[in-house]
$ cat work.cif   # mmCIF, C-alpha atoms (C1' of nucleotides)
data_start
loop_
_atom_site.label_atom_id
_atom_site.label_comp_id
_atom_site.auth_asym_id
_atom_site.auth_seq_id
_atom_site.Cartn_x
_atom_site.Cartn_y
_atom_site.Cartn_z
CA MET A 1 14.10 -8.47 -23.25
CA SER A 2 11.39 -5.97 -22.87
CA LYS A 3 9.30 -6.05 -19.76
CA GLN A 4 6.21 -6.85 -21.77
CA ALA A 5 7.93 -9.84 -23.29
CA ALA A 6 6.29 -12.40 -21.08
CA THR A 7 2.72 -11.23 -21.04
CA ASP A 8 1.50 -14.74 -20.48
CA VAL A 9 -0.01 -13.10 -17.48
CA SER A 10 -2.95 -12.06 -19.59
CA CYS A 11 -3.88 -15.67 -19.91
CA CYS A 12 -5.08 -16.05 -16.33
CA PRO A 13 -8.84 -16.20 -16.37
CA SER A 14 -9.92 -16.06 -12.76
CA LEU A 15 -8.58 -16.19 -9.27
CA ALA A 16 -11.03 -18.93 -8.47
CA GLU A 17 -10.23 -21.30 -11.29
CA ARG A 18 -6.74 -22.29 -10.30
CA HIS A 19 -3.87 -21.21 -8.11
CA LEU A 20 -2.33 -17.99 -9.36
CA PRO A 21 1.34 -18.57 -10.20
CA THR A 22 3.88 -16.54 -8.25
CA GLU A 23 5.00 -14.61 -11.34
CA ALA A 24 1.45 -13.69 -12.25
CA ALA A 25 0.80 -12.49 -8.72
CA ALA A 26 3.95 -10.39 -8.82
CA ALA A 27 2.99 -8.94 -12.19
CA LEU A 28 -0.60 -8.08 -11.34
CA SER A 29 -0.42 -6.98 -7.73
CA PRO A 30 1.11 -3.57 -8.58
CA ALA A 31 -2.02 -2.72 -10.54
CA PHE A 32 -4.25 -3.55 -7.58
CA LYS A 33 -1.91 -1.65 -5.30
CA ALA A 34 -2.22 1.37 -7.56
CA LEU A 35 -6.00 1.20 -7.19
CA GLY A 36 -5.64 0.76 -3.44
CA ASP A 37 -5.59 4.47 -2.73
CA PRO A 38 -8.89 6.38 -2.71
CA VAL A 39 -7.42 9.33 -4.58
CA ARG A 40 -6.05 7.12 -7.35
CA LEU A 41 -9.27 5.13 -7.53
CA GLN A 42 -11.18 8.35 -8.08
CA LEU A 43 -8.60 9.59 -10.58
CA MET A 44 -8.94 6.30 -12.44
CA SER A 45 -12.70 6.71 -12.50
CA MET A 46 -12.50 10.28 -13.77
CA ILE A 47 -10.10 9.23 -16.52
CA ALA A 48 -12.04 6.11 -17.53
CA SER A 49 -15.35 7.94 -17.61
CA ALA A 50 -14.10 11.04 -19.39
CA GLU A 51 -15.94 11.89 -22.55
CA GLY A 52 -13.77 11.50 -25.59
CA GLY A 53 -11.80 8.91 -23.65
CA GLU A 54 -9.31 11.41 -22.31
CA ILE A 55 -9.07 14.15 -19.72
CA CYS A 56 -6.67 17.00 -19.03
CA VAL A 57 -4.59 17.16 -15.86
CA CYS A 58 -5.95 20.66 -15.43
CA ASP A 59 -9.40 19.11 -14.97
CA LEU A 60 -8.19 16.49 -12.52
CA THR A 61 -6.18 18.60 -10.10
CA PRO A 62 -8.93 21.00 -8.94
CA ALA A 63 -11.18 18.05 -8.08
CA PHE A 64 -9.07 17.23 -5.01
CA ASP A 65 -7.82 19.08 -1.96
CA LEU A 66 -4.28 18.17 -2.86
CA THR A 67 -1.36 20.00 -4.42
CA GLY A 68 -0.33 19.63 -8.03
CA PRO A 69 2.80 17.60 -7.28
CA THR A 70 0.77 15.11 -5.26
CA ILE A 71 -1.74 14.57 -8.08
CA SER A 72 1.17 14.25 -10.50
CA HIS A 73 2.71 11.61 -8.27
CA HIS A 74 -0.52 9.60 -8.20
CA LEU A 75 -0.84 9.84 -11.97
CA ARG A 76 2.68 8.57 -12.38
CA THR A 77 1.81 5.60 -10.15
CA LEU A 78 -1.20 4.80 -12.33
CA ARG A 79 1.01 5.11 -15.41
CA ALA A 80 3.68 2.82 -13.95
CA ALA A 81 0.99 0.26 -13.19
CA GLY A 82 -0.08 0.24 -16.83
CA LEU A 83 -3.53 1.54 -16.03
CA VAL A 84 -3.34 4.83 -17.95
CA ASP A 85 -1.42 6.50 -20.75
CA ALA A 86 -0.33 10.12 -20.91
CA GLU A 87 0.16 12.38 -23.91
CA ARG A 88 1.29 15.99 -24.05
CA ARG A 89 -0.44 18.20 -26.60
CA GLY A 90 0.84 21.75 -26.42
CA THR A 91 0.57 23.16 -22.94
CA TRP A 92 -1.69 20.47 -21.55
CA VAL A 93 -1.21 16.80 -20.75
CA TYR A 94 -4.05 14.36 -21.39
CA TYR A 95 -4.57 11.01 -19.70
CA ARG A 96 -6.57 8.08 -21.01
CA ALA A 97 -7.41 4.68 -19.56
CA ARG A 98 -5.99 1.42 -20.86
CA PRO A 99 -9.07 -0.80 -21.09
CA THR A 100 -7.03 -3.93 -21.77
CA MET A 101 -5.43 -3.74 -18.36
CA LEU A 102 -8.74 -2.99 -16.65
CA ARG A 103 -10.39 -5.94 -18.36
CA GLN A 104 -7.54 -8.20 -17.31
CA LEU A 105 -8.03 -7.25 -13.68
CA ALA A 106 -11.80 -7.61 -13.95
CA ALA A 107 -11.42 -11.08 -15.45
CA LEU A 108 -9.16 -12.09 -12.62
CA LEU A 109 -11.78 -11.11 -10.03
CA THR A 110 -14.72 -12.67 -11.83
CA VAL A 111 -15.93 -15.68 -9.89
CA PRO A 112 -18.18 -18.36 -11.36
CA GLU A 113 -21.86 -17.85 -10.61
CA GLY A 114 -22.09 -21.14 -8.85
CA ARG A 115 -20.73 -19.79 -5.63
CA MET B 1 -35.69 -8.28 1.88
CA SER B 2 -32.54 -6.50 2.78
CA LYS B 3 -29.89 -8.01 0.64
CA GLN B 4 -27.03 -5.86 1.80
CA ALA B 5 -28.05 -3.58 4.59
CA ALA B 6 -25.16 -1.15 4.73
CA THR B 7 -23.51 -1.96 1.45
CA ASP B 8 -24.77 0.97 -0.55
CA VAL B 9 -21.44 0.71 -2.23
CA SER B 10 -22.66 -2.27 -4.16
CA CYS B 11 -24.67 0.04 -6.31
CA CYS B 12 -21.71 1.35 -8.32
CA PRO B 13 -21.60 -0.39 -11.66
CA SER B 14 -18.38 0.62 -13.34
CA LEU B 15 -15.50 3.00 -13.02
CA ALA B 16 -16.07 4.11 -16.56
CA GLU B 17 -19.74 4.93 -16.35
CA ARG B 18 -19.60 7.88 -14.03
CA HIS B 19 -17.34 9.56 -11.53
CA LEU B 20 -16.88 7.42 -8.46
CA PRO B 21 -18.13 9.30 -5.37
CA THR B 22 -15.57 10.02 -2.69
CA GLU B 23 -17.30 7.77 -0.16
CA ALA B 24 -17.41 4.87 -2.60
CA ALA B 25 -13.72 5.31 -3.35
CA ALA B 26 -12.94 5.34 0.35
CA ALA B 27 -15.03 2.23 0.90
CA LEU B 28 -13.63 0.18 -1.97
CA SER B 29 -9.99 1.17 -2.08
CA PRO B 30 -9.08 -0.93 1.00
CA ALA B 31 -10.16 -4.05 -0.88
CA PHE B 32 -7.88 -3.18 -3.81
CA LYS B 33 -5.11 -2.31 -1.42
CA ALA B 34 -5.50 -5.72 0.21
CA LEU B 35 -5.06 -7.36 -3.21
CA GLY B 36 -2.08 -5.12 -3.90
CA ASP B 37 0.40 -7.45 -2.29
CA PRO B 38 1.61 -10.51 -4.22
CA VAL B 39 1.39 -12.76 -1.17
CA ARG B 40 -2.19 -11.74 -0.45
CA LEU B 41 -3.15 -12.05 -4.11
CA GLN B 42 -1.89 -15.60 -4.11
CA LEU B 43 -3.56 -16.34 -0.78
CA MET B 44 -6.81 -14.99 -2.22
CA SER B 45 -6.43 -17.24 -5.25
CA MET B 46 -5.73 -20.30 -3.13
CA ILE B 47 -8.77 -19.59 -0.98
CA ALA B 48 -11.10 -18.79 -3.87
CA SER B 49 -10.06 -21.83 -5.85
CA ALA B 50 -10.09 -24.27 -2.95
CA GLU B 51 -12.27 -27.28 -3.48
CA GLY B 52 -15.22 -27.31 -1.14
CA GLY B 53 -14.98 -23.52 -1.06
CA GLU B 54 -12.70 -23.45 1.95
CA ILE B 55 -9.12 -24.12 2.89
CA CYS B 56 -7.24 -24.64 6.14
CA VAL B 57 -4.56 -22.21 7.30
CA CYS B 58 -2.35 -25.25 7.72
CA ASP B 59 -2.51 -25.69 3.95
CA LEU B 60 -1.80 -22.04 3.22
CA THR B 61 1.22 -21.43 5.41
CA PRO B 62 3.61 -24.03 3.94
CA ALA B 63 3.00 -22.64 0.44
CA PHE B 64 5.10 -19.58 1.21
CA ASP B 65 8.59 -18.87 2.51
CA LEU B 66 7.12 -16.81 5.32
CA THR B 67 6.52 -17.39 8.99
CA GLY B 68 3.14 -18.25 10.48
CA PRO B 69 2.57 -14.85 12.04
CA THR B 70 3.19 -13.14 8.73
CA ILE B 71 0.66 -15.30 6.91
CA SER B 72 -1.76 -14.71 9.76
CA HIS B 73 -1.25 -10.98 9.37
CA HIS B 74 -2.01 -11.13 5.64
CA LEU B 75 -5.11 -13.21 6.27
CA ARG B 76 -6.34 -10.67 8.78
CA THR B 77 -5.84 -7.94 6.19
CA LEU B 78 -7.95 -9.89 3.70
CA ARG B 79 -10.59 -10.41 6.38
CA ALA B 80 -10.64 -6.73 7.31
CA ALA B 81 -11.11 -5.87 3.63
CA GLY B 82 -14.18 -8.09 3.50
CA LEU B 83 -12.64 -10.43 0.96
CA VAL B 84 -12.65 -13.60 3.05
CA ASP B 85 -14.32 -15.13 6.08
CA ALA B 86 -12.72 -17.29 8.75
CA GLU B 87 -14.20 -20.05 10.84
CA ARG B 88 -12.59 -22.15 13.53
CA ARG B 89 -13.53 -25.81 13.66
CA GLY B 90 -11.71 -27.65 16.37
CA THR B 91 -8.00 -27.21 16.08
CA TRP B 92 -7.98 -25.77 12.58
CA VAL B 93 -9.17 -22.50 11.08
CA TYR B 94 -10.75 -22.47 7.65
CA TYR B 95 -10.96 -19.54 5.26
CA ARG B 96 -13.45 -19.03 2.45
CA ALA B 97 -13.84 -16.33 -0.15
CA ARG B 98 -16.70 -13.83 -0.20
CA PRO B 99 -17.84 -13.91 -3.82
CA THR B 100 -20.12 -10.92 -3.37
CA MET B 101 -17.19 -8.67 -2.63
CA LEU B 102 -15.13 -10.10 -5.49
CA ARG B 103 -18.00 -9.59 -7.92
CA GLN B 104 -18.40 -6.02 -6.73
CA LEU B 105 -14.77 -5.26 -7.49
CA ALA B 106 -14.96 -7.05 -10.84
CA ALA B 107 -18.03 -5.04 -11.81
CA LEU B 108 -16.23 -1.83 -10.94
CA LEU B 109 -13.37 -2.66 -13.27
CA THR B 110 -15.52 -3.87 -16.14
CA VAL B 111 -15.32 -1.37 -18.97
CA PRO B 112 -17.81 -1.26 -21.83
CA GLU B 113 -16.64 -3.12 -24.93
CA GLY B 114 -16.82 0.00 -27.01
CA ARG B 115 -13.48 1.26 -25.80
"C1'" DG C 1 13.73 37.62 -26.24
"C1'" DC C 2 10.86 37.77 -21.99
"C1'" DG C 3 7.47 36.49 -18.96
"C1'" DC C 4 3.48 33.57 -17.82
"C1'" DT C 5 1.05 29.27 -17.06
"C1'" DG C 6 0.76 24.28 -16.69
"C1'" DT C 7 3.11 20.09 -15.38
"C1'" DC C 8 6.71 17.40 -13.57
"C1'" DT C 9 10.91 16.35 -10.63
"C1'" DC C 10 13.47 16.64 -6.36
"C1'" DG C 11 14.19 16.44 -1.19
"C1'" DA C 12 12.30 15.99 2.98
"C1'" DC C 13 9.02 14.85 6.54
"C1'" DG C 14 5.84 11.57 9.10
"C1'" DC C 15 2.93 7.63 8.84
"C1'" DC C 16 1.89 3.12 7.32
"C1'" DT C 17 3.17 -1.66 6.27
"C1'" DG C 18 5.63 -6.22 5.74
"C1'" DT C 19 8.39 -9.09 8.35
"C1'" DC C 20 10.20 -11.45 12.26
"C1'" DG C 21 10.75 -13.70 17.18
"C1'" DA C 22 8.55 -14.29 21.48
"C1'" DA C 23 4.54 -14.78 23.95
"C1'" DT C 24 -0.36 -15.95 24.20
"C1'" DC C 25 -4.72 -18.24 23.28
"C1'" DA C 26 -7.77 -22.33 21.71
"C1'" DG C 27 -8.61 -27.26 21.35
"C1'" DA C 28 -7.40 -32.08 21.44
"C1'" DC C 29 -5.67 -35.92 23.79
"C1'" DA C 30 -3.52 -38.82 27.21
"C1'" DT D 1 -4.76 -31.87 34.99
"C1'" DG D 2 -0.85 -31.28 32.04
"C1'" DT D 3 1.03 -31.10 27.59
"C1'" DC D 4 1.18 -30.74 22.78
"C1'" DT D 5 -0.04 -28.58 18.29
"C1'" DG D 6 -2.13 -24.98 15.47
"C1'" DA D 7 -3.20 -20.14 15.03
"C1'" DT D 8 -3.18 -15.50 16.57
"C1'" DT D 9 -1.47 -11.34 19.01
"C1'" DC D 10 2.27 -8.36 20.60
"C1'" DG D 11 6.41 -5.53 20.16
"C1'" DA D 12 10.01 -4.03 17.31
"C1'" DC D 13 12.53 -2.99 13.19
"C1'" DA D 14 13.49 -1.54 8.29
"C1'" DG D 15 11.61 -0.04 4.19
"C1'" DG D 16 7.88 1.96 1.45
"C1'" DC D 17 4.37 5.51 0.63
"C1'" DG D 18 1.51 9.93 0.68
"C1'" DT D 19 2.14 14.60 1.14
"C1'" DC D 20 4.19 19.02 0.72
"C1'" DG D 21 7.27 23.23 -0.79
"C1'" DA D 22 10.76 24.63 -3.85
"C1'" DG D 23 12.66 24.36 -8.07
"C1'" DA D 24 13.00 22.90 -13.10
"C1'" DC D 25 11.12 22.08 -17.63
"C1'" DA D 26 7.82 22.80 -21.71
"C1'" DG D 27 4.86 25.80 -24.58
"C1'" DC D 28 2.29 29.83 -25.51
"C1'" DG D 29 1.72 34.75 -26.17
"C1'" DC D 30 3.36 39.41 -25.96
#

$ encode --input "work.cif" --output "structure tokens"
Amino acid sequence: MSKQAATDVSCCPSLAERHLPTEAAAALSPAFKALGDPVRLQLMSMIASAEGGEICVCDLTPAFDLTGPTISHHLRTLRAAGLVDAERRGTWVYYRARPTMLRQLAALLTVPEGR
Amino acid sequence: MSKQAATDVSCCPSLAERHLPTEAAAALSPAFKALGDPVRLQLMSMIASAEGGEICVCDLTPAFDLTGPTISHHLRTLRAAGLVDAERRGTWVYYRARPTMLRQLAALLTVPEGR
DNA sequence: GCGCTGTCTCGACGCCTGTCGAATCAGACA
DNA sequence: TGTCTGATTCGACAGGCGTCGAGACAGCGC
């Protein structure tokens, strides 16, 4: 079975509507954890807001006071969490956001207006 | 009227609209980090979906295979992240979600439909 | 082929975090 | 007052995580 087999997780509309099942919590928490570091949150923003929908690693690295390996490690974490995709084109590697995943997380946090 | 005195962070509309400033990333990442643990994500769901808007610790603890102190530790993390509020009434302590914070995070993750 | 540049992987080093048992604090009740 | 229950704090331990330097891999250009 592939990991994506049971993506029933995408069903869950909102934290506030019903109790989140244990499996759903286990499946989604890594994505939140990935966003739980300021560097990765900023990386995610730079990638998601990049014009053309993608951005080169060579544009990401100089934006931080961190070494290349460290940025690469954070990017791998975002990739493992399903938040971004990477593609090598010649010398450079380009990253792009996965809007489906972002929307899933946003939907989970959306609370009814009532409260 | 001062809606949110020191919450200038609440300004930021979406990750994908512009680069997230360093201070905003530093201010918001703890909230994502707090949701980055499956136990806390489930706690958050139980609190946010509780009828009456609040739930007793005595109803949260038995839902997990964890000791009281551990649950208490996770609840304190959620409190420190600004995601929940606690109030003691007599013997019991009740937790309730802070929808403003949840909506802020949801807005940050909301990506335009275009992509 | 050779070297150069960009990116990733590998080890290693502290710090942070999740978990527990024991102790402590806050109220209720007899 | 004393005691009991619910919740938190404290101290300690193992494991995870962010960071770095050194090295390896992938393409490009000479």

$ calpha_fit_rmsd --input "work.cif" --fixed "chain A" --moving "chain B"
2.5 Å

$ residues_around --input "work.cif" --residues "Pro13 in chain A" --least-positions-apart "5" --cutoff "9 Å" --atoms "only C-alpha atoms (C1' of nucleotides)" --output "PyMOL selection string"
chain A and resi 18+104+107-110

$ write_last_selection --input "work.cif" --atoms "C-alpha atoms" --output "short mmCIF file (atom, residue, chain, number, x, y, z; two decimals), in the frame of the given file"
data_model
loop_
_atom_site.label_atom_id
_atom_site.label_comp_id
_atom_site.auth_asym_id
_atom_site.auth_seq_id
_atom_site.Cartn_x
_atom_site.Cartn_y
_atom_site.Cartn_z
CA ARG A 18 -6.74 -22.29 -10.30
CA GLN A 104 -7.54 -8.20 -17.31
CA ALA A 107 -11.42 -11.08 -15.45
CA LEU A 108 -9.16 -12.09 -12.62
CA LEU A 109 -11.78 -11.11 -10.03
CA THR A 110 -14.72 -12.67 -11.83
#

$ resolve_selection --input "work.cif" --expression "the PyMOL selection byres ((chain C) within 12 of (chain B))" --output "PyMOL selection string"
chain C and resi 17-22+25-29

$ interface_residues --input "work.cif" --of "chain A" --to "chain B" --cutoff "8 Å" --atoms "only C-alpha atoms" --output "PyMOL selection string"
chain A and resi 15-22+25-26+28-39+41-42+44-50+99+102-103+105-111+115

$ write_last_selection --input "work.cif" --atoms "C-alpha atoms" --output "PDB file, in the frame of the given file"
ATOM      1  CA  LEU A  15      -8.580 -16.190  -9.270  1.00  0.00           C
ATOM      2  CA  ALA A  16     -11.030 -18.930  -8.470  1.00  0.00           C
ATOM      3  CA  GLU A  17     -10.230 -21.300 -11.290  1.00  0.00           C
ATOM      4  CA  ARG A  18      -6.740 -22.290 -10.300  1.00  0.00           C
ATOM      5  CA  HIS A  19      -3.870 -21.210  -8.110  1.00  0.00           C
ATOM      6  CA  LEU A  20      -2.330 -17.990  -9.360  1.00  0.00           C
ATOM      7  CA  PRO A  21       1.340 -18.570 -10.200  1.00  0.00           C
ATOM      8  CA  THR A  22       3.880 -16.540  -8.250  1.00  0.00           C
ATOM      9  CA  ALA A  25       0.800 -12.490  -8.720  1.00  0.00           C
ATOM     10  CA  ALA A  26       3.950 -10.390  -8.820  1.00  0.00           C
ATOM     11  CA  LEU A  28      -0.600  -8.080 -11.340  1.00  0.00           C
ATOM     12  CA  SER A  29      -0.420  -6.980  -7.730  1.00  0.00           C
ATOM     13  CA  PRO A  30       1.110  -3.570  -8.580  1.00  0.00           C
ATOM     14  CA  ALA A  31      -2.020  -2.720 -10.540  1.00  0.00           C
ATOM     15  CA  PHE A  32      -4.250  -3.550  -7.580  1.00  0.00           C
ATOM     16  CA  LYS A  33      -1.910  -1.650  -5.300  1.00  0.00           C
ATOM     17  CA  ALA A  34      -2.220   1.370  -7.560  1.00  0.00           C
ATOM     18  CA  LEU A  35      -6.000   1.200  -7.190  1.00  0.00           C
ATOM     19  CA  GLY A  36      -5.640   0.760  -3.440  1.00  0.00           C
ATOM     20  CA  ASP A  37      -5.590   4.470  -2.730  1.00  0.00           C
ATOM     21  CA  PRO A  38      -8.890   6.380  -2.710  1.00  0.00           C
ATOM     22  CA  VAL A  39      -7.420   9.330  -4.580  1.00  0.00           C
ATOM     23  CA  LEU A  41      -9.270   5.130  -7.530  1.00  0.00           C
ATOM     24  CA  GLN A  42     -11.180   8.350  -8.080  1.00  0.00           C
ATOM     25  CA  MET A  44      -8.940   6.300 -12.440  1.00  0.00           C
ATOM     26  CA  SER A  45     -12.700   6.710 -12.500  1.00  0.00           C
ATOM     27  CA  MET A  46     -12.500  10.280 -13.770  1.00  0.00           C
ATOM     28  CA  ILE A  47     -10.100   9.230 -16.520  1.00  0.00           C
ATOM     29  CA  ALA A  48     -12.040   6.110 -17.530  1.00  0.00           C
ATOM     30  CA  SER A  49     -15.350   7.940 -17.610  1.00  0.00           C
ATOM     31  CA  ALA A  50     -14.100  11.040 -19.390  1.00  0.00           C
ATOM     32  CA  PRO A  99      -9.070  -0.800 -21.090  1.00  0.00           C
ATOM     33  CA  LEU A 102      -8.740  -2.990 -16.650  1.00  0.00           C
ATOM     34  CA  ARG A 103     -10.390  -5.940 -18.360  1.00  0.00           C
ATOM     35  CA  LEU A 105      -8.030  -7.250 -13.680  1.00  0.00           C
ATOM     36  CA  ALA A 106     -11.800  -7.610 -13.950  1.00  0.00           C
ATOM     37  CA  ALA A 107     -11.420 -11.080 -15.450  1.00  0.00           C
ATOM     38  CA  LEU A 108      -9.160 -12.090 -12.620  1.00  0.00           C
ATOM     39  CA  LEU A 109     -11.780 -11.110 -10.030  1.00  0.00           C
ATOM     40  CA  THR A 110     -14.720 -12.670 -11.830  1.00  0.00           C
ATOM     41  CA  VAL A 111     -15.930 -15.680  -9.890  1.00  0.00           C
ATOM     42  CA  ARG A 115     -20.730 -19.790  -5.630  1.00  0.00           C
TER      43      ARG A 115
END

$ residues_near_point --input "work.cif" --point "(11.7, 13.5, -12.5)" --cutoff "12 Å" --atoms "all atoms listed in the file" --output "JSON, numbers by chain"
{"A": [69, 72, 73, 76], "C": [7, 8, 9, 10, 11], "D": [23, 24, 25]}

$ interface_residues --input "work.cif" --of "chain D" --to "chain B" --cutoff "8 Å" --atoms "all atoms listed in the file" --output "MDAnalysis selection string"
chainID D and resid 6:8

$ residues_around --input "work.cif" --residues "DG29 in chain D" --least-positions-apart "6" --cutoff "12 Å" --atoms "only C-alpha atoms (C1' of nucleotides)" --output "VMD selection string"
chain C and resid 2 to 5

$ atom_distance --input "work.cif" --atom1 "CA of Tyr95 in chain B" --atom2 "C1' of DC10 in chain D"
23.1 Å

$ resolve_selection --input "work.cif" --expression "the PyMOL selection byres ((chain D and resi 16) around 9)" --output "list in words"
DC16 and DT17 of chain C; DG15 and DC17 of chain D

$ atom_distance --input "work.cif" --atom1 "CA of Asp65 in chain A" --atom2 "CA of Gly82 in chain A"
25.2 Å

$ atom_distance --input "work.cif" --atom1 "CA of Val84 in chain B" --atom2 "CA of Cys56 in chain B"
12.7 Å

$ residues_around --input "work.cif" --residues "DA12 in chain C" --least-positions-apart "6" --cutoff "12 Å" --atoms "only C-alpha atoms (C1' of nucleotides)" --output "PyMOL selection string"
chain D and resi 19-22
